[in-house]
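The file start_37.csv comes next; it holds CSV, C-alpha atoms.
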chain,number,residue,atom,x,y,z
A,1,MET,CA,-57.8,-71.2,35.8
A,2,ILE,CA,-57.0,-69.3,32.6
A,3,ASP,CA,-57.1,-71.3,29.4
A,4,ASP,CA,-54.1,-70.5,27.3
A,5,SER,CA,-54.7,-73.2,24.7
A,6,ARG,CA,-55.3,-70.7,21.9
A,7,ALA,CA,-52.2,-68.8,22.8
A,8,ARG,CA,-50.2,-72.0,22.9
A,9,ARG,CA,-51.4,-72.9,19.4
A,10,ASN,CA,-50.3,-69.5,18.1
A,11,VAL,CA,-47.0,-69.7,19.9
A,12,THR,CA,-46.4,-73.1,18.1
A,13,VAL,CA,-47.0,-71.5,14.7
A,14,LEU,CA,-44.9,-68.5,15.5
A,15,VAL,CA,-42.0,-70.6,16.7
A,16,ALA,CA,-42.1,-72.5,13.4
A,17,ALA,CA,-42.1,-69.2,11.5
A,18,GLN,CA,-39.3,-67.9,13.6
A,19,ALA,CA,-37.3,-71.1,12.9
A,20,PHE,CA,-37.9,-71.5,9.2
A,21,LEU,CA,-38.4,-67.9,7.9
A,22,GLY,CA,-36.0,-66.5,10.4
A,23,ALA,CA,-33.1,-68.6,8.9
A,24,GLN,CA,-32.8,-66.0,6.2
A,25,MET,CA,-31.5,-63.3,8.6
A,26,PRO,CA,-28.2,-65.0,9.7
A,27,MET,CA,-27.6,-66.0,6.0
A,28,ILE,CA,-28.0,-62.4,4.9
A,29,PHE,CA,-26.1,-60.9,7.8
A,30,VAL,CA,-23.1,-63.2,7.1
A,31,ILE,CA,-22.8,-62.3,3.4
A,32,GLY,CA,-24.3,-58.8,3.4
A,33,GLY,CA,-21.0,-57.0,4.3
A,34,LEU,CA,-19.0,-59.3,2.2
A,35,ALA,CA,-21.2,-58.8,-0.9
A,36,GLY,CA,-21.2,-55.1,-0.2
A,37,GLY,CA,-17.4,-55.0,0.0
A,38,MET,CA,-17.3,-56.8,-3.4
A,39,LEU,CA,-19.6,-54.3,-5.1
A,40,SER,CA,-19.2,-51.1,-3.2
A,41,PRO,CA,-17.2,-48.2,-4.7
A,42,ASN,CA,-15.9,-47.4,-1.2
A,43,ILE,CA,-14.8,-50.0,1.3
A,44,CYS,CA,-16.1,-47.8,4.1
A,45,LEU,CA,-19.6,-48.5,2.7
A,46,ALA,CA,-19.3,-52.3,2.7
A,47,THR,CA,-21.9,-52.8,5.4
A,48,LEU,CA,-24.4,-50.5,3.7
A,49,PRO,CA,-26.6,-53.4,2.5
A,50,ILE,CA,-27.2,-54.4,6.1
A,51,SER,CA,-27.8,-50.8,7.0
A,52,PHE,CA,-30.5,-50.5,4.3
A,53,ILE,CA,-32.2,-53.6,5.8
A,54,VAL,CA,-32.3,-52.1,9.2
A,55,PHE,CA,-33.3,-48.6,7.9
A,56,SER,CA,-36.1,-50.2,6.0
A,57,SER,CA,-37.2,-52.1,9.1
A,58,MET,CA,-37.2,-48.8,11.0
A,59,THR,CA,-39.3,-47.0,8.4
A,60,THR,CA,-41.7,-49.9,8.0
A,61,ALA,CA,-42.7,-50.3,11.7
A,62,PRO,CA,-44.7,-47.1,11.9
A,63,TRP,CA,-47.1,-48.1,9.2
A,64,LEU,CA,-46.9,-51.9,9.5
A,65,SER,CA,-48.0,-51.9,13.2
A,66,PRO,CA,-51.2,-49.9,12.7
A,67,LEU,CA,-51.9,-51.9,9.5
A,68,MET,CA,-51.8,-55.1,11.5
A,69,GLN,CA,-54.0,-53.4,14.1
A,70,ARG,CA,-56.7,-52.9,11.4
A,71,ARG,CA,-56.2,-55.9,9.1
A,72,GLY,CA,-54.8,-58.5,11.5
A,73,ARG,CA,-51.3,-60.0,12.2
A,74,ARG,CA,-51.7,-62.6,9.5
A,75,PHE,CA,-52.0,-60.0,6.8
A,76,GLY,CA,-48.9,-58.2,8.0
A,77,PHE,CA,-46.8,-61.4,8.3
A,78,VAL,CA,-47.7,-62.5,4.7
A,79,LEU,CA,-46.9,-59.1,3.4
A,80,GLY,CA,-43.5,-59.2,5.2
A,81,ALA,CA,-42.6,-62.6,3.7
A,82,SER,CA,-43.7,-61.5,0.2
A,83,ALA,CA,-41.4,-58.4,0.5
A,84,GLY,CA,-38.6,-60.7,1.7
A,85,ALA,CA,-38.9,-62.9,-1.4
A,86,LEU,CA,-39.0,-59.9,-3.7
A,87,GLY,CA,-36.0,-58.3,-1.9
A,88,ALA,CA,-33.9,-61.4,-2.2
A,89,LEU,CA,-34.7,-61.7,-5.9
A,90,ILE,CA,-33.8,-58.0,-6.5
A,91,ALA,CA,-30.5,-58.4,-4.6
A,92,ALA,CA,-29.7,-61.6,-6.6
A,93,TYR,CA,-30.2,-59.6,-9.8
A,94,GLY,CA,-28.0,-56.8,-8.4
A,95,LEU,CA,-25.2,-59.4,-7.8
A,96,TYR,CA,-25.7,-60.8,-11.3
A,97,ILE,CA,-25.3,-57.5,-13.0
A,98,GLY,CA,-22.7,-56.2,-10.5
A,99,SER,CA,-24.8,-53.2,-9.3
A,100,PHE,CA,-24.3,-52.0,-5.8
A,101,ALA,CA,-27.4,-49.8,-6.1
A,102,VAL,CA,-29.7,-52.7,-7.0
A,103,LEU,CA,-28.3,-54.8,-4.2
A,104,LEU,CA,-29.2,-51.9,-1.8
A,105,LEU,CA,-32.7,-51.8,-3.3
A,106,GLY,CA,-33.2,-55.5,-2.6
A,107,SER,CA,-31.9,-55.0,0.9
A,108,PHE,CA,-34.5,-52.3,1.5
A,109,PHE,CA,-37.3,-54.8,0.7
A,110,THR,CA,-35.7,-57.4,2.9
A,111,GLY,CA,-36.0,-54.9,5.7
A,112,ILE,CA,-39.8,-55.0,5.4
A,113,TYR,CA,-39.6,-58.7,6.2
A,114,MET,CA,-37.3,-58.0,9.1
A,115,SER,CA,-39.8,-55.5,10.5
A,116,ALA,CA,-42.7,-58.1,10.2
A,117,GLN,CA,-40.6,-60.7,11.9
A,118,GLY,CA,-40.0,-58.3,14.8
A,119,PHE,CA,-43.8,-58.4,15.5
A,120,TYR,CA,-43.9,-62.2,16.0
A,121,ARG,CA,-43.0,-61.7,19.7
A,122,PHE,CA,-45.9,-59.2,20.1
A,123,ALA,CA,-48.3,-61.5,18.3
A,124,ALA,CA,-47.4,-64.3,20.8
A,125,ALA,CA,-48.6,-62.0,23.6
A,126,ASP,CA,-51.8,-60.9,21.9
A,127,THR,CA,-53.9,-63.9,23.1
A,128,ALA,CA,-51.8,-64.9,26.2
A,129,SER,CA,-52.6,-64.4,29.8
A,130,ASP,CA,-50.5,-62.1,31.9
A,131,ASP,CA,-48.7,-65.1,33.5
A,132,PHE,CA,-48.1,-66.8,30.1
A,133,LYS,CA,-47.1,-63.6,28.3
A,134,PRO,CA,-43.4,-63.5,29.1
A,135,LYS,CA,-43.0,-67.2,28.4
A,136,ALA,CA,-44.9,-66.8,25.1
A,137,ILE,CA,-42.5,-64.1,24.0
A,138,SER,CA,-39.4,-66.0,25.0
A,139,TYR,CA,-40.7,-69.3,23.4
A,140,VAL,CA,-41.2,-67.5,20.0
A,141,LEU,CA,-37.7,-66.0,20.2
A,142,ALA,CA,-36.4,-69.4,21.1
A,143,GLY,CA,-37.5,-70.5,17.6
A,144,GLY,CA,-34.5,-68.5,16.4
A,145,LEU,CA,-32.3,-71.3,17.9
A,146,ILE,CA,-33.4,-73.6,15.0
A,147,SER,CA,-32.9,-70.7,12.5
A,148,ALA,CA,-29.3,-70.4,13.9
A,149,LEU,CA,-28.7,-74.0,12.9
A,150,ILE,CA,-30.4,-73.9,9.6
A,151,GLY,CA,-29.3,-70.6,8.2
A,152,PRO,CA,-25.5,-70.6,8.4
A,153,GLN,CA,-25.2,-74.2,7.5
A,154,LEU,CA,-27.5,-73.8,4.5
A,155,ASN,CA,-25.4,-70.7,3.6
A,156,LYS,CA,-22.3,-72.8,3.5
A,157,LEU,CA,-23.9,-74.9,0.8
A,158,VAL,CA,-25.3,-72.2,-1.4
A,159,GLN,CA,-23.0,-69.1,-1.0
A,160,ASP,CA,-20.5,-70.3,-3.6
A,161,ALA,CA,-22.8,-72.7,-5.4
A,162,LEU,CA,-23.0,-70.5,-8.5
A,163,VAL,CA,-20.4,-68.6,-10.5
A,164,VAL,CA,-21.4,-65.3,-9.0
A,165,PRO,CA,-20.5,-65.3,-5.2
A,166,PHE,CA,-23.4,-65.2,-2.8
A,167,LEU,CA,-26.0,-65.3,-5.7
A,168,GLY,CA,-27.1,-68.8,-4.4
A,169,THR,CA,-27.7,-67.3,-0.9
A,170,TYR,CA,-30.2,-64.8,-2.1
A,171,LEU,CA,-32.1,-67.3,-4.3
A,172,ALA,CA,-32.3,-69.7,-1.3
A,173,VAL,CA,-33.7,-66.8,0.8
A,174,ALA,CA,-36.4,-66.1,-1.8
A,175,ALA,CA,-37.5,-69.8,-1.7
A,176,ILE,CA,-37.6,-69.7,2.1
A,177,ASN,CA,-40.0,-66.8,2.1
A,178,ILE,CA,-42.3,-68.2,-0.6
A,179,ILE,CA,-42.6,-71.6,1.2
A,180,GLY,CA,-42.6,-70.2,4.8
A,181,MET,CA,-45.5,-67.7,4.4
A,182,SER,CA,-48.0,-70.7,4.3
A,183,LEU,CA,-47.4,-71.1,8.0
A,184,PHE,CA,-49.4,-68.0,8.9
A,185,TRP,CA,-52.7,-69.6,7.7
A,186,PHE,CA,-52.6,-71.7,10.9
A,187,LEU,CA,-52.7,-68.7,13.2
A,188,ASP,CA,-55.8,-68.1,15.3
A,189,LEU,CA,-55.4,-64.4,16.1
A,190,PRO,CA,-57.8,-61.4,16.2
A,191,LYS,CA,-58.5,-60.4,12.6
A,192,GLY,CA,-58.1,-56.7,13.2
A,193,THR,CA,-60.5,-53.8,13.7
A,194,ARG,CA,-61.4,-53.1,10.0
A,195,GLY,CA,-65.2,-53.4,9.5
A,196,GLN,CA,-65.8,-53.9,13.3
A,197,PRO,CA,-67.5,-51.5,15.6
A,198,GLN,CA,-65.1,-49.5,17.6
A,199,GLN,CA,-65.1,-50.4,21.3
A,200,VAL,CA,-65.0,-47.6,23.7
A,201,SER,CA,-62.5,-48.1,26.5
A,202,ALA,CA,-63.1,-46.9,30.0
A,203,ILE,CA,-59.5,-45.5,29.8
A,204,PRO,CA,-58.8,-43.5,26.6
A,205,PRO,CA,-55.5,-44.3,24.9
A,206,ARG,CA,-52.7,-41.9,25.6
A,207,THR,CA,-51.0,-39.7,23.0
A,208,ARG,CA,-47.5,-40.3,21.9
A,209,ARG,CA,-46.3,-37.5,24.1
A,210,GLU,CA,-48.1,-38.9,27.1
A,211,LEU,CA,-46.7,-42.4,26.4
A,212,LEU,CA,-43.2,-41.0,26.3
A,213,ARG,CA,-43.7,-39.5,29.7
A,214,ASP,CA,-44.2,-42.9,31.2
A,215,PRO,CA,-40.8,-43.9,32.8
A,216,ARG,CA,-41.4,-47.6,32.2
A,217,ILE,CA,-42.1,-47.2,28.5
A,218,VAL,CA,-39.1,-44.9,28.1
A,219,VAL,CA,-36.7,-47.2,29.9
A,220,ALA,CA,-38.1,-50.3,28.0
A,221,ILE,CA,-37.4,-48.5,24.7
A,222,ILE,CA,-33.9,-47.4,25.7
A,223,CYS,CA,-32.9,-50.9,26.9
A,224,ALA,CA,-34.3,-52.6,23.8
A,225,MET,CA,-32.6,-50.0,21.6
A,226,VAL,CA,-29.2,-50.4,23.3
A,227,SER,CA,-29.4,-54.2,23.4
A,228,TYR,CA,-30.3,-54.5,19.7
A,229,ALA,CA,-28.0,-51.7,18.5
A,230,LEU,CA,-24.9,-53.2,20.3
A,231,MET,CA,-25.7,-56.7,18.9
A,232,ASN,CA,-26.0,-55.3,15.4
A,233,LEU,CA,-22.9,-53.1,15.7
A,234,VAL,CA,-20.6,-56.0,16.6
A,235,MET,CA,-22.3,-58.8,14.5
A,236,THR,CA,-22.3,-56.7,11.3
A,237,SER,CA,-18.5,-56.3,11.5
A,238,THR,CA,-17.8,-59.9,12.6
A,239,PRO,CA,-17.6,-61.5,9.1
A,240,LEU,CA,-15.3,-58.7,7.9
A,241,ALA,CA,-13.2,-59.0,11.0
A,242,VAL,CA,-12.9,-62.8,10.8
A,243,VAL,CA,-12.0,-62.8,7.1
A,244,GLY,CA,-9.7,-59.8,7.6
A,245,CYS,CA,-7.8,-61.6,10.4
A,246,GLY,CA,-7.0,-64.5,8.0
A,247,PHE,CA,-9.9,-66.9,8.7
A,248,THR,CA,-12.3,-68.3,6.2
A,249,LYS,CA,-15.9,-67.5,5.2
A,250,ASN,CA,-17.0,-70.8,6.7
A,251,ASN,CA,-15.3,-69.8,10.0
A,252,ALA,CA,-17.5,-66.6,9.8
A,253,ASN,CA,-20.6,-68.8,9.2
A,254,ASP,CA,-19.8,-71.0,12.2
A,255,ILE,CA,-19.1,-67.9,14.5
A,256,VAL,CA,-22.4,-66.3,13.5
A,257,SER,CA,-24.2,-69.6,14.0
A,258,ALA,CA,-22.8,-69.8,17.5
A,259,HIS,CA,-23.8,-66.2,18.1
A,260,VAL,CA,-27.4,-66.7,16.9
A,261,ILE,CA,-27.7,-69.9,19.0
A,262,ALA,CA,-26.6,-67.9,22.0
A,263,MET,CA,-29.2,-65.2,21.1
A,264,TYR,CA,-32.1,-67.7,21.3
A,265,LEU,CA,-31.1,-70.7,23.4
A,266,PRO,CA,-31.6,-68.8,26.7
A,267,SER,CA,-35.2,-68.0,25.6
A,268,PHE,CA,-36.3,-71.4,26.9
A,269,PHE,CA,-35.8,-70.1,30.5
A,270,THR,CA,-35.6,-66.3,30.1
A,271,GLY,CA,-39.4,-65.9,30.7
A,272,HIS,CA,-39.2,-68.0,33.8
A,273,LEU,CA,-36.3,-65.9,35.1
A,274,ILE,CA,-38.2,-62.7,34.5
A,275,ALA,CA,-41.2,-64.2,36.4
A,276,ARG,CA,-39.0,-65.1,39.3
A,277,PHE,CA,-36.5,-62.3,39.6
A,278,GLY,CA,-38.3,-59.4,37.9
A,279,VAL,CA,-37.7,-57.8,34.5
A,280,THR,CA,-35.4,-55.0,35.7
A,281,ARG,CA,-32.8,-57.5,37.1
A,282,ILE,CA,-32.8,-59.5,33.9
A,283,VAL,CA,-32.3,-56.5,31.7
A,284,GLY,CA,-29.4,-55.4,34.0
A,285,THR,CA,-27.9,-58.8,33.7
A,286,GLY,CA,-28.1,-58.6,29.9
A,287,LEU,CA,-26.2,-55.3,30.0
A,288,ALA,CA,-23.5,-56.8,32.2
A,289,ILE,CA,-23.1,-59.7,29.7
A,290,LEU,CA,-22.8,-57.3,26.8
A,291,THR,CA,-20.0,-55.6,28.6
A,292,ALA,CA,-18.3,-58.9,29.1
A,293,ALA,CA,-18.6,-59.6,25.3
A,294,GLY,CA,-16.7,-56.3,24.6
A,295,ILE,CA,-14.0,-57.2,27.0
A,296,VAL,CA,-13.4,-60.6,25.5
A,297,ALA,CA,-13.4,-59.1,21.9
A,298,LEU,CA,-10.7,-56.6,23.0
A,299,SER,CA,-8.6,-59.3,24.5
A,300,GLY,CA,-7.5,-60.9,21.2
A,301,VAL,CA,-8.5,-62.0,17.6
A,302,THR,CA,-8.1,-65.8,17.7
A,303,LEU,CA,-11.1,-67.9,16.8
A,304,THR,CA,-11.6,-68.6,20.5
A,305,HIS,CA,-11.9,-64.9,21.1
A,306,PHE,CA,-14.3,-64.4,18.3
A,307,PHE,CA,-16.5,-67.3,19.4
A,308,GLY,CA,-16.4,-66.3,23.0
A,309,ALA,CA,-17.3,-62.6,22.3
A,310,LEU,CA,-20.1,-63.4,19.9
A,311,VAL,CA,-21.6,-66.0,22.2
A,312,LEU,CA,-21.7,-63.5,25.1
A,313,LEU,CA,-23.0,-60.9,22.7
A,314,GLY,CA,-26.0,-63.2,21.9
A,315,MET,CA,-26.7,-64.0,25.5
A,316,GLY,CA,-26.6,-60.3,26.5
A,317,TRP,CA,-29.0,-59.4,23.7
A,318,ASN,CA,-31.4,-62.1,24.8
A,319,PHE,CA,-31.7,-61.0,28.4
A,320,GLY,CA,-31.7,-57.3,27.5
A,321,PHE,CA,-34.1,-57.5,24.5
A,322,ILE,CA,-36.6,-60.0,25.9
A,323,GLY,CA,-36.6,-58.2,29.2
A,324,ALA,CA,-37.2,-54.8,27.5
A,325,THR,CA,-40.0,-56.3,25.3
A,326,THR,CA,-41.7,-57.8,28.4
A,327,MET,CA,-41.4,-54.5,30.2
A,328,LEU,CA,-43.0,-52.7,27.2
A,329,ALA,CA,-45.8,-55.2,26.8
A,330,GLY,CA,-46.9,-54.6,30.4
A,331,SER,CA,-46.8,-50.8,30.1
A,332,HIS,CA,-49.7,-50.1,27.8
A,333,ASN,CA,-53.3,-51.2,27.2
A,334,THR,CA,-54.8,-52.9,24.1
A,335,ALA,CA,-56.0,-49.6,22.6
A,336,GLU,CA,-52.4,-48.2,22.7
A,337,ARG,CA,-50.8,-51.4,21.3
A,338,GLY,CA,-50.4,-50.3,17.7
A,339,VAL,CA,-48.9,-46.9,18.6
A,340,VAL,CA,-46.6,-48.1,21.3
A,341,GLN,CA,-45.2,-51.1,19.4
A,342,GLY,CA,-44.7,-49.0,16.2
A,343,LEU,CA,-43.1,-46.2,18.2
A,344,ASN,CA,-40.8,-48.7,19.9
A,345,ASP,CA,-39.6,-50.4,16.8
A,346,THR,CA,-39.1,-47.1,15.0
A,347,ILE,CA,-36.8,-45.9,17.7
A,348,VAL,CA,-35.0,-49.2,18.2
A,349,PHE,CA,-34.3,-49.8,14.5
A,350,GLY,CA,-33.4,-46.2,14.0
A,351,MET,CA,-30.6,-46.7,16.5
A,352,VAL,CA,-29.7,-50.1,15.0
A,353,THR,CA,-29.5,-48.3,11.5
A,354,VAL,CA,-27.0,-45.9,13.0
A,355,ALA,CA,-25.1,-48.8,14.6
A,356,SER,CA,-24.9,-50.8,11.3
A,357,VAL,CA,-23.6,-47.8,9.3
A,358,THR,CA,-21.1,-46.9,12.0
A,359,SER,CA,-20.0,-50.5,12.2
A,360,GLY,CA,-18.6,-50.6,8.6
A,361,GLY,CA,-16.9,-47.2,9.0
A,362,LEU,CA,-15.3,-48.2,12.3
A,363,MET,CA,-14.2,-51.6,11.0
A,364,ASN,CA,-12.8,-50.5,7.6
A,365,CYS,CA,-11.9,-46.9,8.0
A,366,SER,CA,-10.9,-46.2,11.6
A,367,GLY,CA,-7.6,-48.0,11.8
A,368,GLY,CA,-4.7,-49.3,9.7
A,369,SER,CA,-5.6,-52.9,10.1
A,370,PRO,CA,-8.6,-55.2,10.7
A,371,VAL,CA,-7.5,-55.7,14.3
A,372,GLN,CA,-7.6,-51.9,15.0
A,373,GLY,CA,-10.9,-51.6,13.3
A,374,TRP,CA,-12.3,-54.5,15.4
A,375,ASP,CA,-11.1,-52.8,18.6
A,376,MET,CA,-12.8,-49.6,17.7
A,377,VAL,CA,-16.1,-51.4,17.0
A,378,ASN,CA,-16.0,-52.9,20.5
A,379,LEU,CA,-14.9,-49.7,22.3
A,380,ALA,CA,-18.0,-48.0,20.7
A,381,MET,CA,-20.2,-50.2,22.9
A,382,LEU,CA,-19.3,-48.4,26.1
A,383,PRO,CA,-21.4,-45.2,25.8
A,384,LEU,CA,-24.6,-47.1,24.9
A,385,ILE,CA,-24.1,-49.5,27.8
A,386,ALA,CA,-23.7,-46.5,30.1
A,387,LEU,CA,-26.9,-45.0,28.7
A,388,ALA,CA,-29.0,-48.1,29.3
A,389,ALA,CA,-27.5,-48.7,32.8
A,390,GLY,CA,-28.3,-45.1,33.7
A,391,ALA,CA,-31.9,-45.5,32.5
A,392,LEU,CA,-32.4,-48.6,34.7
A,393,ILE,CA,-31.1,-46.8,37.7
A,394,TRP,CA,-33.4,-43.8,37.0
A,395,LEU,CA,-36.4,-46.2,36.7
A,396,ALA,CA,-35.6,-47.7,40.0
A,397,PHE,CA,-35.5,-44.3,41.8
A,398,SER,CA,-38.6,-43.1,39.9
A,399,SER,CA,-40.5,-46.2,41.1
A,400,ARG,CA,-39.5,-45.6,44.7
A,401,ARG,CA,-40.7,-42.0,44.5
A,402,THR,CA,-44.0,-42.8,42.9
A,403,PRO,CA,-46.9,-43.5,45.4
A,404,ALA,CA,-48.4,-46.9,45.3
Go ahead and express the file in the form of structure tokens.
Amino acid sequence: MIDDSRARRNVTVLVAAQAFLGAQMPMIFVIGGLAGGMLSPNICLATLPISFIVFSSMTTAPWLSPLMQRRGRRFGFVLGASAGALGALIAAYGLYIGSFAVLLLGSFFTGIYMSAQGFYRFAAADTASDDFKPKAISYVLAGGLISALIGPQLNKLVQDALVVPFLGTYLAVAAINIIGMSLFWFLDLPKGTRGQPQQVSAIPPRTRRELLRDPRIVVAIICAMVSYALMNLVMTSTPLAVVGCGFTKNNANDIVSAHVIAMYLPSFFTGHLIARFGVTRIVGTGLAILTAAGIVALSGVTLTHFFGALVLLGMGWNFGFIGATTMLAGSHNTAERGVVQGLNDTIVFGMVTVASVTSGGLMNCSGGSPVQGWDMVNLAMLPLIALAAGALIWLAFSSRRTPA
């Protein structure tokens, strides 16, 4: 019998961090495009604050992952929350003085927090057995269910609480980071390799080039990239589309809340489904659900259509992203962890950055009305879905050709 008590303790702490600290992300994603539209000199750049968050997350992952390998996960998570607090305060100052550039600078620091949060799921797997690993990953992501309830509802209270619109949101986010970083002192994780003798593995770690020749690693990265990029592409434009179609900011908060709930609620059983049906089938199911989200979004622009499309978008992301994360976690050894996870998040968030920039351009500048812009955003999903589906099929054929 394998004792997973240590892993379960860490999962509990990471679930709490995902729930409390993670509440800031739906808050920022609801108001990021709206605040950008208020300050941007060009409406096509309205979603640039969100793009800067994602770009920062992409550029942070390559150095943050090896840093945590040396100094420990706790160090990296506290660093991320500190950057989140600083970024929120800088963004708040940007709103106060009406500077789009300062708002973007604050968004860049927020991206460091977002990158650190992305490693919660890997930290959950660090001390878990092979059987508990997919469940640990899904439980931590399930903490986002609570953040989906806290974030948008708190945002309703603070987004217009001060004279400057959205200033209250960023001040609340700063407080969330300052308070929430104390959770990481309860983690019981390896403290990193700094100052410790290097262990010689019987199997030397592979180079980046060798890792990218592994079909399973390549497909895991592609499917994670597509799942996250499509979610970001559509969610970034959602508040703009909702308000542009005549609904209120509170409607946008409620739709994003439903979306984030759908992102994390399936996590209570995603790990069990992966263990029963296999990771490839679950990732494929996620891609099918993402396709259904696009179909619903293209069918109309009532509140029902927005809620339905965003709920399906969240569910598709959950199956696709957790499945891809589990596939990646089982495709490398401990010595390769820092390189693989950093490489994965660099590629994933690189594509997400492109998706978030593209989202604002498609929404605001590709048609004569919000409806036409919204349609273009959802049509843009098709090429990426085809890419991920093709990668899964390629993996299936590659596995059959490979000798046991």
CA of Phe52 (chain A) to CA of Met315 (chain A), distance in Å rounded to a single decimal: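 According to the coordinates, CA of Phe52 (chain A) and CA of Met315 (chain A) are separated by 25.4 Å.
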Length of the CA of Arg70 (chain A) to CA of Lys191 (chain A) vector [Å]: 7.8 Å
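If you measure from each of A:Ile261, A:Ile43, A:Met235, A:Cys245 to Ala309 (chain A) using all atoms listed in the file, the closest one turns out to be A:Met235.
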Using all atoms listed in the file: which of A:Val243, A:Ile97, A:Val226, A:Met363 has the shortest distance to Leu387 (chain A): A:Val226
Atom-to-atom span, CA of Ile53 (chain A) and CA of Ser359 (chain A), Å: 14.1 Å
Tell me which protein, DNA and RNA residues are within 9 Å of Leu233 (chain A), counting all atoms listed in the file, leaving out same-chain ones fewer than 4 positions away, and put them as a short mmCIF file (atom, residue, chain, number, x, y, z; two decimals) with C-alpha atoms, keeping the file's coordinate frame.
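So selection21.cif came out as:
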data_model
loop_
_atom_site.label_atom_id
_atom_site.label_comp_id
_atom_site.auth_asym_id
_atom_site.auth_seq_id
_atom_site.Cartn_x
_atom_site.Cartn_y
_atom_site.Cartn_z
CA TYR A 228 -30.30 -54.50 19.70
CA ALA A 229 -28.00 -51.70 18.50
CA SER A 237 -18.50 -56.30 11.50
CA VAL A 352 -29.70 -50.10 15.00
CA VAL A 354 -27.00 -45.90 13.00
CA ALA A 355 -25.10 -48.80 14.60
CA SER A 356 -24.90 -50.80 11.30
CA VAL A 357 -23.60 -47.80 9.30
CA THR A 358 -21.10 -46.90 12.00
CA SER A 359 -20.00 -50.50 12.20
CA GLY A 360 -18.60 -50.60 8.60
CA VAL A 377 -16.10 -51.40 17.00
CA ASN A 378 -16.00 -52.90 20.50
CA ALA A 380 -18.00 -48.00 20.70
CA MET A 381 -20.20 -50.20 22.90
#
Excluding region 73-90 of chain A and its own-chain neighbours fewer than 6 positions away, which residues fall within 10 Å of it when counting only C-alpha atoms? Please give them as a compact mmCIF listing (two decimals) with C-alpha atoms, keeping the file's coordinate frame.
# COMPACT_ATOMS: atom_id res chain seq x y z
CA ALA A 17 -42.10 -69.20 11.50
CA LEU A 21 -38.40 -67.90 7.90
CA GLN A 24 -32.80 -66.00 6.20
CA ILE A 28 -28.00 -62.40 4.90
CA ILE A 53 -32.20 -53.60 5.80
CA THR A 60 -41.70 -49.90 8.00
CA LEU A 64 -46.90 -51.90 9.50
CA SER A 65 -48.00 -51.90 13.20
CA PRO A 66 -51.20 -49.90 12.70
CA LEU A 67 -51.90 -51.90 9.50
CA TYR A 96 -25.70 -60.80 -11.30
CA VAL A 102 -29.70 -52.70 -7.00
CA LEU A 103 -28.30 -54.80 -4.20
CA LEU A 104 -29.20 -51.90 -1.80
CA LEU A 105 -32.70 -51.80 -3.30
CA GLY A 106 -33.20 -55.50 -2.60
CA SER A 107 -31.90 -55.00 0.90
CA PHE A 108 -34.50 -52.30 1.50
CA PHE A 109 -37.30 -54.80 0.70
CA THR A 110 -35.70 -57.40 2.90
CA GLY A 111 -36.00 -54.90 5.70
CA ILE A 112 -39.80 -55.00 5.40
CA TYR A 113 -39.60 -58.70 6.20
CA MET A 114 -37.30 -58.00 9.10
CA SER A 115 -39.80 -55.50 10.50
CA ALA A 116 -42.70 -58.10 10.20
CA GLN A 117 -40.60 -60.70 11.90
CA GLY A 118 -40.00 -58.30 14.80
CA PHE A 119 -43.80 -58.40 15.50
CA TYR A 120 -43.90 -62.20 16.00
CA PHE A 122 -45.90 -59.20 20.10
CA ALA A 123 -48.30 -61.50 18.30
CA ASP A 126 -51.80 -60.90 21.90
CA LEU A 167 -26.00 -65.30 -5.70
CA THR A 169 -27.70 -67.30 -0.90
CA TYR A 170 -30.20 -64.80 -2.10
CA LEU A 171 -32.10 -67.30 -4.30
CA ALA A 172 -32.30 -69.70 -1.30
CA VAL A 173 -33.70 -66.80 0.80
CA ALA A 174 -36.40 -66.10 -1.80
CA ALA A 175 -37.50 -69.80 -1.70
CA ILE A 176 -37.60 -69.70 2.10
CA ASN A 177 -40.00 -66.80 2.10
CA ILE A 178 -42.30 -68.20 -0.60
CA ILE A 179 -42.60 -71.60 1.20
CA GLY A 180 -42.60 -70.20 4.80
CA MET A 181 -45.50 -67.70 4.40
CA SER A 182 -48.00 -70.70 4.30
CA LEU A 183 -47.40 -71.10 8.00
CA PHE A 184 -49.40 -68.00 8.90
CA TRP A 185 -52.70 -69.60 7.70
CA PHE A 186 -52.60 -71.70 10.90
CA LEU A 187 -52.70 -68.70 13.20
CA ASP A 188 -55.80 -68.10 15.30
CA LEU A 189 -55.40 -64.40 16.10
CA PRO A 190 -57.80 -61.40 16.20
CA LYS A 191 -58.50 -60.40 12.60
CA GLY A 192 -58.10 -56.70 13.20
Spatial neighbours of Val296 (chain A), 9 Å, only C-alpha atoms, chain gap at least 5 places, as a PyMOL selection string: chain A and resi 291+305-306+308-309+312
Writer output for current selection, C-alpha atoms, as a compact mmCIF listing (two decimals), keeping the file's coordinate frame:
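The result, written out as again34.txt:
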# COMPACT_ATOMS: atom_id res chain seq x y z
CA THR A 291 -20.00 -55.60 28.60
CA HIS A 305 -11.90 -64.90 21.10
CA PHE A 306 -14.30 -64.40 18.30
CA GLY A 308 -16.40 -66.30 23.00
CA ALA A 309 -17.30 -62.60 22.30
CA LEU A 312 -21.70 -63.50 25.10
Option closest in space to Cys223 (chain A), from A:Val13, A:Ala23, A:Val339, A:Leu392 [counting all atoms listed in the file]: A:Leu392
Cut-off 12 Å around (-26.6, -66.0, 5.7) with all atoms listed in the file: residues as number ranges by chain: A: 22-35, 50, 88, 147-160, 166-173, 236, 239, 249-250, 252-257, 260
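Of the listed residues A:Leu290, A:Ile146, A:Ile217, A:Val301, the one whose atoms come nearest to Phe20 (chain A) is A:Ile146, with distances taken using only C-alpha atoms.
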